[in-house]
Amino acid sequence: SSSDTAALALGRLKEKMRRTLGLVALVVSLWLLDVASSGLAPLPSSVSPPSAPACRGYVVQGAGDASFDACFELHGHDSQAFVGPGWRRLYHWQGLWKLGDPGFNVSYAAELPSLWPPVIGDTNNTWVVQPGAKGPPPTLRRGSALPPLPPPPPPP
């Protein structure tokens with residue numbers, strides 16, 4: 001009967017979903033293990049962020065989600081990734097700078113593509129609150145312990 005066919009189809013769909021969710025859980029678990037083994041494990045929440053002068057990265061302030069208000073330190077020699085408290089990251093992805101938990105959510109993103117994160121004083125690029133995140137967007141300052149920015153590329 002049609003109800004038996006529907007029940008059979010529903011049973012197959014549920015089994016496919018169970019397998020898919022199991023695979024997703026496995027991938028996420030492996031990713032978390034990879035992140036943890038790379039030295040990017042979360043910082044204890046009791047760690048207070050360094051002041052702007054001592055920050056070897058970017059100081060985030062004024063975010064609607066106060067857990068982002070911290071120093072995001074340069075990760076190794078990769079100028080495209082900065083590590084904040086917990087799983088928070090300031091990173092460059094598909095041309096845009098983002099603040100969030102990579103692989104899970106993005107809370108704030110730069111409005112326009114840029115080589116460097118938008119900072120206080122940038123008039124042509126600002127931070128935008130992403131859907132589901134808490135406003136207002138943050139402001140960023142370069143820590144004085146960051147290496148100098150390279151010169152801009154020559155015009156075409």
# chains A, B, ... in the order shown; residues from 1 in each chain; ligands from 1
>>> residues_around(residues="Lys134 in chain A", least_positions_apart="2", cutoff="12 Å", atoms="only C-alpha atoms", output="number ranges by chain")
A: 62-68, 100, 106-108, 128-132, 136-138
>>> write_last_selection(atoms="N, CA, C and O atoms", output="CSV table (one decimal), in the first residue's frame")
chain,number,residue,atom,x,y,z
A,62,GLY,N,34.7,46.9,21.7
A,62,GLY,CA,33.3,47.4,21.4
A,62,GLY,C,32.4,46.4,20.7
A,62,GLY,O,31.3,46.8,20.3
A,63,ALA,N,32.8,45.1,20.6
A,63,ALA,CA,31.9,44.2,19.9
A,63,ALA,C,30.6,43.9,20.8
A,63,ALA,O,30.7,43.9,22.0
A,64,GLY,N,29.5,43.7,20.1
A,64,GLY,CA,28.3,43.4,20.9
A,64,GLY,C,28.4,42.2,21.7
A,64,GLY,O,27.9,42.0,22.8
A,65,ASP,N,29.2,41.2,21.2
A,65,ASP,CA,29.6,40.0,21.9
A,65,ASP,C,30.9,40.3,22.6
A,65,ASP,O,32.0,40.2,21.9
A,66,ALA,N,30.9,40.5,23.9
A,66,ALA,CA,32.1,40.9,24.6
A,66,ALA,C,33.2,39.9,24.6
A,66,ALA,O,34.4,40.2,24.9
A,67,SER,N,32.9,38.6,24.2
A,67,SER,CA,33.9,37.6,24.2
A,67,SER,C,34.9,37.9,23.1
A,67,SER,O,36.0,37.2,23.1
A,68,PHE,N,34.6,38.8,22.2
A,68,PHE,CA,35.6,39.1,21.1
A,68,PHE,C,36.5,40.3,21.5
A,68,PHE,O,37.5,40.5,20.8
A,100,GLY,N,35.3,35.2,14.2
A,100,GLY,CA,34.4,34.2,14.5
A,100,GLY,C,35.1,32.9,14.9
A,100,GLY,O,36.3,32.9,15.4
A,106,VAL,N,30.5,32.9,11.9
A,106,VAL,CA,31.1,34.2,11.7
A,106,VAL,C,30.2,35.2,12.4
A,106,VAL,O,29.1,35.3,12.0
A,107,SER,N,30.8,36.0,13.3
A,107,SER,CA,30.0,37.0,14.0
A,107,SER,C,30.1,38.3,13.4
A,107,SER,O,29.1,39.1,13.3
A,108,TYR,N,31.3,38.7,12.9
A,108,TYR,CA,31.6,40.0,12.3
A,108,TYR,C,32.4,39.8,11.0
A,108,TYR,O,33.3,38.9,11.0
A,128,VAL,N,30.9,44.6,9.8
A,128,VAL,CA,29.4,44.4,9.7
A,128,VAL,C,29.0,43.2,10.6
A,128,VAL,O,29.7,42.1,10.6
A,129,VAL,N,28.0,43.4,11.4
A,129,VAL,CA,27.4,42.3,12.2
A,129,VAL,C,26.8,41.3,11.3
A,129,VAL,O,26.0,41.6,10.4
A,130,GLN,N,27.1,40.0,11.5
A,130,GLN,CA,26.6,38.9,10.6
A,130,GLN,C,25.3,38.4,11.2
A,130,GLN,O,25.0,38.5,12.4
A,131,PRO,N,24.4,37.8,10.4
A,131,PRO,CA,23.1,37.2,10.9
A,131,PRO,C,23.3,36.3,12.1
A,131,PRO,O,24.2,35.5,12.1
A,132,GLY,N,22.5,36.6,13.2
A,132,GLY,CA,22.6,35.8,14.4
A,132,GLY,C,23.6,36.3,15.4
A,132,GLY,O,23.6,35.8,16.5
A,136,PRO,N,26.7,46.0,18.7
A,136,PRO,CA,27.3,46.6,17.5
A,136,PRO,C,28.5,45.9,17.0
A,136,PRO,O,29.1,45.0,17.7
A,137,PRO,N,29.0,46.2,15.8
A,137,PRO,CA,30.2,45.6,15.3
A,137,PRO,C,31.4,46.2,16.1
A,137,PRO,O,31.3,47.3,16.7
A,138,PRO,N,32.5,45.5,16.1
A,138,PRO,CA,33.7,45.9,16.9
A,138,PRO,C,34.5,47.0,16.1
A,138,PRO,O,34.3,47.2,14.9
>>> residues_around(residues="Leu74 in chain A", least_positions_apart="5", cutoff="8 Å", atoms="only C-alpha atoms", output="PyMOL selection string")
chain A and resi 56-57+79+81-83+146
>>> residues_around(residues="Thr123 in chain A", least_positions_apart="5", cutoff="12 Å", atoms="only C-alpha atoms", output="PDB file with N, CA, C and O atoms, in the first residue's frame")
ATOM      1  N   GLU A 111      33.337  44.708   5.515  1.00  0.00           N
ATOM      2  CA  GLU A 111      32.358  45.017   4.478  1.00  0.00           C
ATOM      3  C   GLU A 111      32.914  44.796   3.073  1.00  0.00           C
ATOM      4  O   GLU A 111      32.208  44.356   2.180  1.00  0.00           O
ATOM      5  N   LEU A 112      34.207  45.070   2.896  1.00  0.00           N
ATOM      6  CA  LEU A 112      34.841  44.987   1.582  1.00  0.00           C
ATOM      7  C   LEU A 112      36.124  44.160   1.655  1.00  0.00           C
ATOM      8  O   LEU A 112      36.765  44.110   2.697  1.00  0.00           O
ATOM      9  N   PRO A 118      40.273  45.819   8.627  1.00  0.00           N
ATOM     10  CA  PRO A 118      39.916  47.226   8.793  1.00  0.00           C
ATOM     11  C   PRO A 118      40.152  47.671  10.238  1.00  0.00           C
ATOM     12  O   PRO A 118      39.783  46.979  11.172  1.00  0.00           O
TER      13      PRO A 118
END
>>> residues_around(residues="Ile120 in chain A", least_positions_apart="5", cutoff="10 Å", atoms="only C-alpha atoms", output="list in words")
Asn125, Thr126, Pro138, Thr139, Leu140, Arg141 and Arg142 of chain A
>>> write_last_selection(atoms="N, CA and C atoms", output="compact mmCIF listing (two decimals), in the first residue's frame")
# COMPACT_ATOMS: atom_id res chain seq x y z
N ASN A 125 36.28 50.99 4.66
CA ASN A 125 35.96 49.61 5.00
C ASN A 125 35.60 49.54 6.48
N THR A 126 34.49 48.90 6.78
CA THR A 126 34.03 48.79 8.16
C THR A 126 33.65 47.35 8.46
N PRO A 138 32.53 45.48 16.10
CA PRO A 138 33.70 45.94 16.85
C PRO A 138 34.51 46.99 16.09
N THR A 139 35.45 47.57 16.81
CA THR A 139 36.50 48.37 16.17
C THR A 139 37.81 47.65 16.45
N LEU A 140 38.78 47.80 15.55
CA LEU A 140 40.07 47.15 15.71
C LEU A 140 41.19 48.19 15.69
N ARG A 141 42.25 47.90 16.45
CA ARG A 141 43.48 48.70 16.42
C ARG A 141 44.64 47.74 16.24
N ARG A 142 45.63 48.17 15.50
CA ARG A 142 46.87 47.39 15.37
C ARG A 142 47.66 47.51 16.66
>>> atom_distance(atom1="CA of Gly76 in chain A", atom2="CA of Leu90 in chain A")
13.6 Å
>>> residues_around(residues="Trp116 in chain A", least_positions_apart="2", cutoff="10 Å", atoms="only C-alpha atoms", output="ChimeraX atom specification")
/A:79-80,91-92,95-97,110,113-114,118-119,149
>>> atom_distance(atom1="CA of Phe104 in chain A", atom2="CA of Phe72 in chain A")
18.2 Å
